[in-house]
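Student: Structure provided below as structure tokens; questions to follow.
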Amino acid sequence: MARITLEQIRHSYLSAPSGDADWALKQIDLEWADGGAYALLGPSGCGKTTLLNIISGLVRPSRGQVRFDGADVTGLDPVDRHVAQVFQFPVIYDTMTVHGNLAFPLRNRAMPPDAVDARVREVAGMLDLQDKLSRRASRLTADEKQKISLGRGLVRSDVNVIMFDEPLTVIDPHMKWVLRSKLKELHREFGVTMIYVTHDQTEALTFADTVVVMYDGAVVQVGTPVELFERPRHTFVGHFIGSPGMNVLPCTVDGAEAVFDGVPIPIAGDDDSDSDDAGSGPARAARVARPRLSPSGAGGTSGLELGVRPEFVCFSDDGFAVEVTKVDDVGRYRIVDIRRGSHLMKMVVGENDTIPSENPRIRFDPAHTRVYADGWLVAPREAER
Amino acid sequence: MSTRTVNHRAWWLVAPVVVLVAFNALIPMMTVVNYSFQETFGDNVFFFEGFKWYEQVLTSERFHASFVRQIIFTGVILAIEIPLGVAIALTMPRRGPWVSVCLVLMALPLLIPWNVVGAMWNIFALPEIGLLGRTVNAMGIAYNFTQDPASAWITTVVMDVWHWTSLVVLLAYAGLCSIPDAYYQAAKIDGASAWAVFRHIELPKMKRVLTIAILLRFMDSFMIYTEPFVLTGGGPGNTTTFLSIDLVKAALGQFDLGPAAAMSLVYFLIVLLVCYVFFTAVMRGEER
Amino acid sequence: MRSFKWVAPLLYIVFLMLPIYWLLNMSFKTTNEILGAFSLWPQDFTLENYKKIFTDSTWYTGYINSLTYVVINTVISVTAALPAAYAFSRYQFLGDKHLFFWLLTNRMAPPAVFALPFFQLYSAMNLFDTHIAVALAHCLFNIPLAVWILEGFMSAVPKELDETAYVDGYSFPRFFVKIFIPTITAGIGVTAFFCFMFSWVELLLAKNLTSVAAKPIAATMTRTASTAGYELGLLAAAGTLTIVPGAFVIYFVRHYIAKGFALGRV
């Protein structure tokens with residue numbers, strides 16, 4: 001068990017990277033607390049797997065250090081880091097039985113046979129594989145194979161972290177749910193750090209206590225699921241998390257107000273979420289490289305945008321005029337497509353609320369309206385930590 | 001395979017192939033069968049009498065001798081080419097510009113007409129003017145493949161290794177390339193040794209292509225004719241006379257059509273039998 | 001240790017190249033030099049041998065003959081194998097497994113067994129000493145091989161492709177030509193390569209079925225060598241030239257070689 005620190009990690013697959021685009025990982029500074037359940041979330045190709053492989057030692061970073069409990073392990077092989085990793089497609093050794101597969105990592109470390117057998121039976125019990133131990137591993141279903149991959153990580157009592165690289169891709173929907181619950185259960189039981197890579201926000205939000213969101217080779221936000229929803233630090237997070245994603249509209253800033261399409265939009269500090277900013281959960285321990293803000297808060301910048309989630313938009317007579325273009329009833333609430341000029345927005349309306357049929361006007365909840373410069377959150381200012 | 005639908009009209013699709021192959025396989029085969037029973041008896045052939053040629057072939061020392069030579073030759077080249085081919089495939093680069101270079105250069109011997117292979121090795125190994133013959137003799141080893149049986153054997157084997165190992169390399173390499181990276185990564189994390197990676201990952205994944213390799217090499221080496229014929233002519237004496245060479249000598253050289261035909265069939269049946277046994281053994285092994 | 005892995009393939013390639021180099025070396029030497037002084041490279045460099053081959057019609061027609069029957073064979077083999085491979089990969093029909101095995105057994109028949117009956121068969125049909133005779137004879141082992149390789153490639157194409165096309169109203173022939181064949185061009189390329197290769201290198205049958213009009217180059221070589229005394233330089237030049245077409249073909253399919261081998265079914 002260990003606290004894992006990534007210091008100024010940069011990585012490129014090219015031997016002589018020149019431009020920004022050549023770097024698969026641009027600059028990563030992160031700390032993973034011991035025993036945390038993390039999700040690493042981001043679209044395909046954003047560098048999630050590279051980051052994972054750097055932690056496990058399969059990939060040496062071009063720059064920067066990986067530390068386990070403060071000790072530099074950047075030069076160590078995966079074996080010596082005592083990590084476990086489960087891959088997208090189940091990896092099993094076809095020549096061996098289920099028992100042989102589970103025992104393999106222990107035998108490679110020259111553990112006495114009695115101890116191996118005892119440990120394998122224990123782990124097989126946890127994964128409901130005890131009655132399949134003597135079967136040939138190649139004959140099993142995809143989810144059973146994936147359990148074996150997971151089991152090979154669990155049998156070792158010395159693992160510092162177990163990493164999952166989109167482990168449920170080939171599992172059918174029903175088994176996905178079962179396996180995910182199993183993972184949570186195992187996390188509670190062992191308290192081992194788990195990092196779960198996925199591009200599916202539902203998977204990430206249900207598995208993890210802390211979600212790390214990556215975009216284009218950089219970490220854009222680290223936080224609890226609630227924080228990601230209420231205070232997206234980057235417009236990408238707003239888009240990526242939540243369904244439908246955050247409305248992002250061009251705006252200018254005039255004093256303490258944002259101006260969207262000639263309409264002043266009040267912005268208030270968000271007292272509700274400031275309270276947990278002071279907390280010191282695992283999310284707080286992780287630092288994110290501060291974005292460089294160009295003319296922050298100054299009006300007239302073309303890169304300024306206003307972000308508000310559809311959940312925080314409501315019909316209000318003292319708001320500004322819009323046009324309703326479409327209403328989708330998705331069960332307990334409705335998603336309404338609205339338009340002001342060429343600007344398209346979405347809003348969420350409860351099933352009991354009415355949609356005005358004539359001259360609809362809307363307002364944004366000031367406590368949940370944000371201003372972004374070049375994609376990064378600038379207003380209201382976060383309490384500096 | 002289980003998803004194929006039953007459709008007997010598919011026979012129309014295979015018809016051209018069946019006609020072409022049957023024309024080339026069945027008619028000549030019948031001729032051979034005919035010869036093997038005929039000749040001695042004119043019109044009223046007694047079938048069991050016709051087995052005379054088979055008896056003669058199966059009891060002839062000449063056939064035994066070339067059969068034993070053939071078995072030894074095939075055994076030796078399989079024992080060299082398969083492990084060597086796998087070893088080369090394992091050490092080849094998996095990606096990068098060198099892959100194409102390796103593949104093109106290695107495939108080259110496979111595309112040289114077989115008698116050119118024989119002629120090339122002849123020139124290469126001649127004691128006086130060949131690079132190989134000259135070098136070996138200069139090292140103080142008496143070497144002359146036209147007169148010394150041991151030299152002739154070694155030259156034939158080395159030539160076959162030169163000619164065909166690349167086929168094993170290409171097949172094994174194709175098998176290795178189909179292994180996903182995740183297997184190697186998982187093995188690293190599980191702390192597997194290089195041997196364990198070979199034994200539990202690479203070898204099982206190569207099993208299928210290695211089966212093809214062994215089958216092809218067995219069949220082709222068992223039928224080998226042109227290369228040793230051009231190189232040594234089956235000599236010195238009969239020391240490198242393999243089954244095919246013996247057969248052609250009998251059929252064309254001495255015009256013993258009956259025995260030659262009987263020998264052909266015995267020969268063909270041996271190849272077929274060995275392939276069938278090997279094939280079913282592998283299949284059964286896979287089903288288990 | 002890892003960094004020295006390239007030594008093995010390198011040594012192997014050197015081993016492969018040595019006899020070829022020697023052949024090339026000889027081809028640039030005069031007969032006198034070959035039989036006289038031993039040297040690692042031509043002392044008295046000459047292109048006479050090549051000149052002779054390109055000007056003497058008994059030599060260069062050999063190349064034309066070889067290429068002609070090889071191309072005809074490749075076309076016949078691939079064309080006939082395409083529908084058959086499709087049938088094996090998509091349908092179950094009476095005797096399919098036996099038929100498949102029977103086809104493969106012909107790959108196992110020693111050409112020496114067929115040499116004489118082939119001669120009689122093609123003579124009886126008045127096809128002796130024609131290109132088509134050799135091309136047809138080579139179908140014996142090339143068609144089974146073509147079916148085998150193509151079946152592997154076709155089985156890798158999902159069946160949904162066929163079903164979608166039929167739903168869209170394609171007839172079988174139109175679907176096969178317009179949609180299916182374009183999706184497996186790589187497989188066809190690989191198959192053609194193997195047919196070309198095995199037809200190009202085989203000589204026992206080719207030699208037996210021809211005398212003058214369709215005589216393959218490699219046969220010209222051996223006959224000339226034995227009749228015209230020991231013209232080693234000429235022989236080496238002719239041999240070198242037989243490597244050229246193969247080298248070209250390999251170069252064009254180099255990206256598919258490994259793949260084509262992997263997809264065959266056992």
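Chain labels run A, B, ... following the order of the structure tokens; each chain numbers its residues from 1, and ligands are numbered from 1 in the order shown.
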Residues of segment 129-255 of chain C classed as alpha helix (DSSP H) by DSSP on the backbone are to be reported as a PyMOL selection string.
Tutor: chain C and resi 131-155+160-167+172-175+181-183+185-201+204-208+217-227+232-253
Student: Can you tell me which residues surround Ile20 of chain C at a distance of at most 9 Å, considering only C-alpha atoms, apart from same-chain residues fewer than 5 positions away, and format the answer as an MDAnalysis selection string?
Tutor: (chainID B and resid 109 120 124) or (chainID C and resid 25 240)
Student: Got a sec: who's within 9 Å of Ser155 of chain C, counting only C-alpha atoms, leaving out chain neighbours fewer than 4 positions off, as a PyMOL selection string?
Tutor: (chain B and resi 1) or (chain C and resi 86+88-90+150-151+159)
Student: To one decimal place, how far is atom CA of Asn137 of chain B from atom CA of Ser221 of chain B in Å?
Tutor: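 Separation between atom CA of Asn137 of chain B and atom CA of Ser221 of chain B: 28.7 Å.
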Student: Once you count only C-alpha atoms, what closest atom pair and distance in Å to one decimal does each residue of chain B within 7 Å of chain C have, with rows by chain and rising residue number, as a tab-separated table?
Tutor:
```
residue	atom	partner	partner_atom	distance
B:Arg4	CA	C:Tyr91	CA	4.8
B:Thr5	CA	C:Tyr91	CA	4.9
B:Val6	CA	C:Gln92	CA	4.4
B:Asn7	CA	C:Phe93	CA	5.5
B:His8	CA	C:Phe93	CA	4.6
B:Ala10	CA	C:Ala87	CA	5.6
B:Leu13	CA	C:Pro83	CA	5.1
B:Val14	CA	C:Ala84	CA	4.2
B:Pro16	CA	C:Ala80	CA	5.8
B:Val17	CA	C:Ala80	CA	5.6
B:Val21	CA	C:Leu140	CA	5.5
B:Asn24	CA	C:Leu140	CA	5.8
B:Ala25	CA	C:Leu140	CA	6.7
B:Pro28	CA	C:Pro117	CA	4.9
B:Thr31	CA	C:Pro117	CA	6.2
B:Val32	CA	C:Pro117	CA	6.8
B:Ile88	CA	C:Pro9	CA	5.8
B:Thr91	CA	C:Lys5	CA	5.5
B:Met92	CA	C:Pro9	CA	6.2
B:Ser100	CA	C:Arg254	CA	6.2
B:Leu103	CA	C:Arg254	CA	6.8
B:Val104	CA	C:Ile250	CA	6.1
B:Leu105	CA	C:Ile13	CA	6.9
B:Met106	CA	C:Ile13	CA	6.6
B:Leu108	CA	C:Ala247	CA	6.3
B:Leu111	CA	C:Gly246	CA	5.1
B:Ile112	CA	C:Ile243	CA	5.4
B:Pro113	CA	C:Val201	CA	3.6
B:Trp114	CA	C:Val201	CA	5.5
B:Asn115	CA	C:Ala218	CA	6.8
B:Val116	CA	C:Gly239	CA	5.8
B:Met120	CA	C:Leu23	CA	6.1
B:Trp121	CA	C:Pro19	CA	6.6
B:Phe124	CA	C:Pro19	CA	5.8
B:Ile129	CA	C:Phe38	CA	6.1
B:Trp162	CA	C:Leu16	CA	6.2
B:Leu170	CA	C:Ala258	CA	6.0
B:Leu171	CA	C:Phe261	CA	5.7
B:Tyr173	CA	C:Ala258	CA	6.8
B:Ala174	CA	C:Ala258	CA	4.7
B:Gly175	CA	C:Ala262	CA	6.0
B:Val209	CA	C:Ala262	CA	6.6
B:Ile212	CA	C:Val266	CA	6.8
B:Met219	CA	C:Met108	CA	5.9
B:Met223	CA	C:Pro110	CA	5.1
B:Thr226	CA	C:Leu204	CA	6.8
B:Ser244	CA	C:Ala112	CA	5.8
B:Val248	CA	C:Ala112	CA	6.5
B:Ser264	CA	C:Val113	CA	5.2
B:Phe268	CA	C:Ala109	CA	5.9
B:Val271	CA	C:Met108	CA	6.7
B:Leu272	CA	C:Met108	CA	6.8
```
Student: Residues within 10 Å of segment 8-18 of chain A, please, as a list in words. Count only C-alpha atoms; anything in the same chain fewer than 3 positions from it doesn't count.
Tutor: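 In the requested format, the answer is Thr5, Ala21, Asp22, Trp23, Ala24, Leu25, Lys26, Gln27, Ile28, Asp29, Leu30, Gly47, Thr50, Leu51, Ile54, Val59, Arg60, Pro61, Ser62, Arg63, Gly64, Gln65, Val66, Gly217, Ala218 and Ala289 of chain A.
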Student: Please provide the set of residues having any atom within 12 Å of segment 127-129 of chain A, restricted to only C-alpha atoms, with same-chain residues fewer than 2 positions apart removed, written as a VMD selection string.
Tutor: chain A and resid 97 to 99 101 to 102 120 to 125 131 to 135 137 140 143 to 155 178 to 179 181 to 183 185 to 186
Student: List as a Markdown table every residue of chain A that is in contact with chain B, defined as an atom at most 9 Å from one of its atoms (using only C-alpha atoms), together with the nearest atom pair and the distance in Å rounded to one decimal, sorted by chain and then rising number.
Tutor:
```
| residue | atom | partner | partner_atom | distance |
| --- | --- | --- | --- | --- |
| A:Ser56 | CA | B:Ile189 | CA | 7.9 |
| A:Gly57 | CA | B:Ile189 | CA | 8.7 |
| A:Leu58 | CA | B:Gln185 | CA | 6.8 |
| A:Asp77 | CA | B:Lys188 | CA | 8.1 |
| A:Pro78 | CA | B:Ile189 | CA | 5.2 |
| A:Val79 | CA | B:Gly191 | CA | 5.1 |
| A:Asp80 | CA | B:Gly191 | CA | 8.6 |
| A:Arg81 | CA | B:Ile189 | CA | 8.8 |
| A:His82 | CA | B:Ile189 | CA | 7.9 |
| A:Val83 | CA | B:Ile189 | CA | 6.9 |
| A:Ala84 | CA | B:Ile189 | CA | 6.4 |
| A:Gln85 | CA | B:Ala186 | CA | 7.1 |
| A:Val86 | CA | B:Ala186 | CA | 7.8 |
| A:Phe87 | CA | B:Ala182 | CA | 6.6 |
| A:Gln88 | CA | B:Ala182 | CA | 8.4 |
| A:Phe89 | CA | B:Ala182 | CA | 7.8 |
| A:Pro90 | CA | B:Ala182 | CA | 8.7 |
| A:Val91 | CA | B:Tyr183 | CA | 5.9 |
| A:Ile92 | CA | B:Tyr183 | CA | 8.0 |
| A:Tyr93 | CA | B:His200 | CA | 6.0 |
| A:Asp94 | CA | B:Pro204 | CA | 7.1 |
| A:Thr95 | CA | B:His200 | CA | 6.1 |
| A:Met96 | CA | B:His200 | CA | 8.0 |
| A:Phe104 | CA | B:Asp190 | CA | 7.2 |
| A:Pro105 | CA | B:Asp190 | CA | 4.6 |
| A:Leu106 | CA | B:Asp190 | CA | 8.1 |
| A:Asn108 | CA | B:Gly191 | CA | 5.9 |
| A:Arg109 | CA | B:Gly191 | CA | 7.2 |
| A:Ser149 | CA | B:Ala186 | CA | 8.7 |
| A:Arg152 | CA | B:Asp190 | CA | 7.6 |
| A:Gly153 | CA | B:Asp190 | CA | 8.1 |
```
Student: Quick one: residues within 8 Å of Thr369 of chain A, only C-alpha atoms counted, chain neighbours fewer than 2 positions away excluded, as a PyMOL selection string?
Tutor: chain A and resi 267-268+306-309+364-367+371
Student: Output N, CA and C atoms of each residue in that selection to a file, as a short mmCIF file (atom, residue, chain, number, x, y, z; two decimals), in the first residue's frame.
Tutor:
```cif
data_model
loop_
_atom_site.label_atom_id
_atom_site.label_comp_id
_atom_site.auth_asym_id
_atom_site.auth_seq_id
_atom_site.Cartn_x
_atom_site.Cartn_y
_atom_site.Cartn_z
N ILE A 267 -23.96 36.94 -11.50
CA ILE A 267 -23.20 35.78 -11.03
C ILE A 267 -22.93 35.96 -9.56
N ALA A 268 -23.31 34.97 -8.77
CA ALA A 268 -23.08 35.04 -7.33
C ALA A 268 -22.04 34.02 -6.94
N LEU A 306 -19.81 31.66 -21.00
CA LEU A 306 -20.67 31.53 -19.85
C LEU A 306 -21.13 30.09 -19.80
N GLY A 307 -21.06 29.47 -18.61
CA GLY A 307 -21.50 28.08 -18.53
C GLY A 307 -22.60 27.91 -17.50
N VAL A 308 -23.67 27.26 -17.90
CA VAL A 308 -24.73 26.97 -16.94
C VAL A 308 -25.36 25.63 -17.31
N ARG A 309 -25.56 24.80 -16.29
CA ARG A 309 -26.12 23.49 -16.56
C ARG A 309 -27.62 23.59 -16.85
N PHE A 364 -31.01 32.27 -15.51
CA PHE A 364 -30.01 31.32 -15.02
C PHE A 364 -29.89 31.49 -13.52
N ASP A 365 -29.68 30.40 -12.81
CA ASP A 365 -29.45 30.47 -11.36
C ASP A 365 -28.08 31.10 -11.11
N PRO A 366 -28.04 32.28 -10.51
CA PRO A 366 -26.74 33.00 -10.37
C PRO A 366 -25.71 32.18 -9.60
N ALA A 367 -26.16 31.36 -8.67
CA ALA A 367 -25.21 30.58 -7.86
C ALA A 367 -24.54 29.48 -8.66
N VAL A 371 -18.21 31.72 -15.37
CA VAL A 371 -17.58 32.35 -16.53
C VAL A 371 -16.25 31.64 -16.79
#
```
Student: List the spatial neighbours of Phe175 of chain C as a PyMOL selection string - criterion: any atom at most 10 Å away, only C-alpha atoms, same-chain residues fewer than 6 positions off excluded.
Tutor: chain C and resi 161-162+165-166+168-169+181
Student: Any chance you could list, as a JSON list (two decimals) with C-alpha atoms, in the first residue's frame, the residues in segment 48-183 of chain A that come up strand (DSSP E or B) when DSSP is run on the backbone?
Tutor:
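Output file out-v6.json follows:
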```
[["chain", "number", "residue", "atom", "x", "y", "z"],
["A", 63, "ARG", "CA", 10.06, 13.52, -18.12],
["A", 64, "GLY", "CA", 9.18, 13.63, -14.45],
["A", 65, "GLN", "CA", 9.06, 11.22, -11.52],
["A", 66, "VAL", "CA", 6.72, 8.59, -10.15],
["A", 67, "ARG", "CA", 6.95, 8.17, -6.38],
["A", 68, "PHE", "CA", 5.47, 5.46, -4.18],
["A", 71, "ALA", "CA", 10.44, 6.83, -2.97],
["A", 72, "ASP", "CA", 11.34, 7.35, -6.62],
["A", 83, "VAL", "CA", 1.11, -3.22, -8.90],
["A", 84, "ALA", "CA", -1.76, -5.06, -10.56],
["A", 85, "GLN", "CA", -3.44, -4.12, -13.79],
["A", 86, "VAL", "CA", -6.56, -5.43, -15.49],
["A", 97, "THR", "CA", -6.37, -24.10, -15.44],
["A", 136, "ARG", "CA", -9.23, -24.91, -18.42],
["A", 161, "VAL", "CA", -2.56, -0.29, -6.39],
["A", 162, "ILE", "CA", -4.92, -2.17, -8.72],
["A", 163, "MET", "CA", -5.55, -0.48, -12.03],
["A", 164, "PHE", "CA", -8.41, -1.19, -14.39],
["A", 165, "ASP", "CA", -8.16, -0.12, -18.02]]
```
Student: Could you tell me how far atom CA of Asn122 of chain B sits from atom CA of Thr232 of chain B, in Å to one decimal place?
Tutor: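 Answer for the atom CA of Thr232 of chain B to atom CA of Asn122 of chain B separation: 8.0 Å.
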Student: Work out how far atom CA of Cys251 of chain A is from atom CA of Leu304 of chain A, in Å to one decimal.
Tutor: 5.8 Å
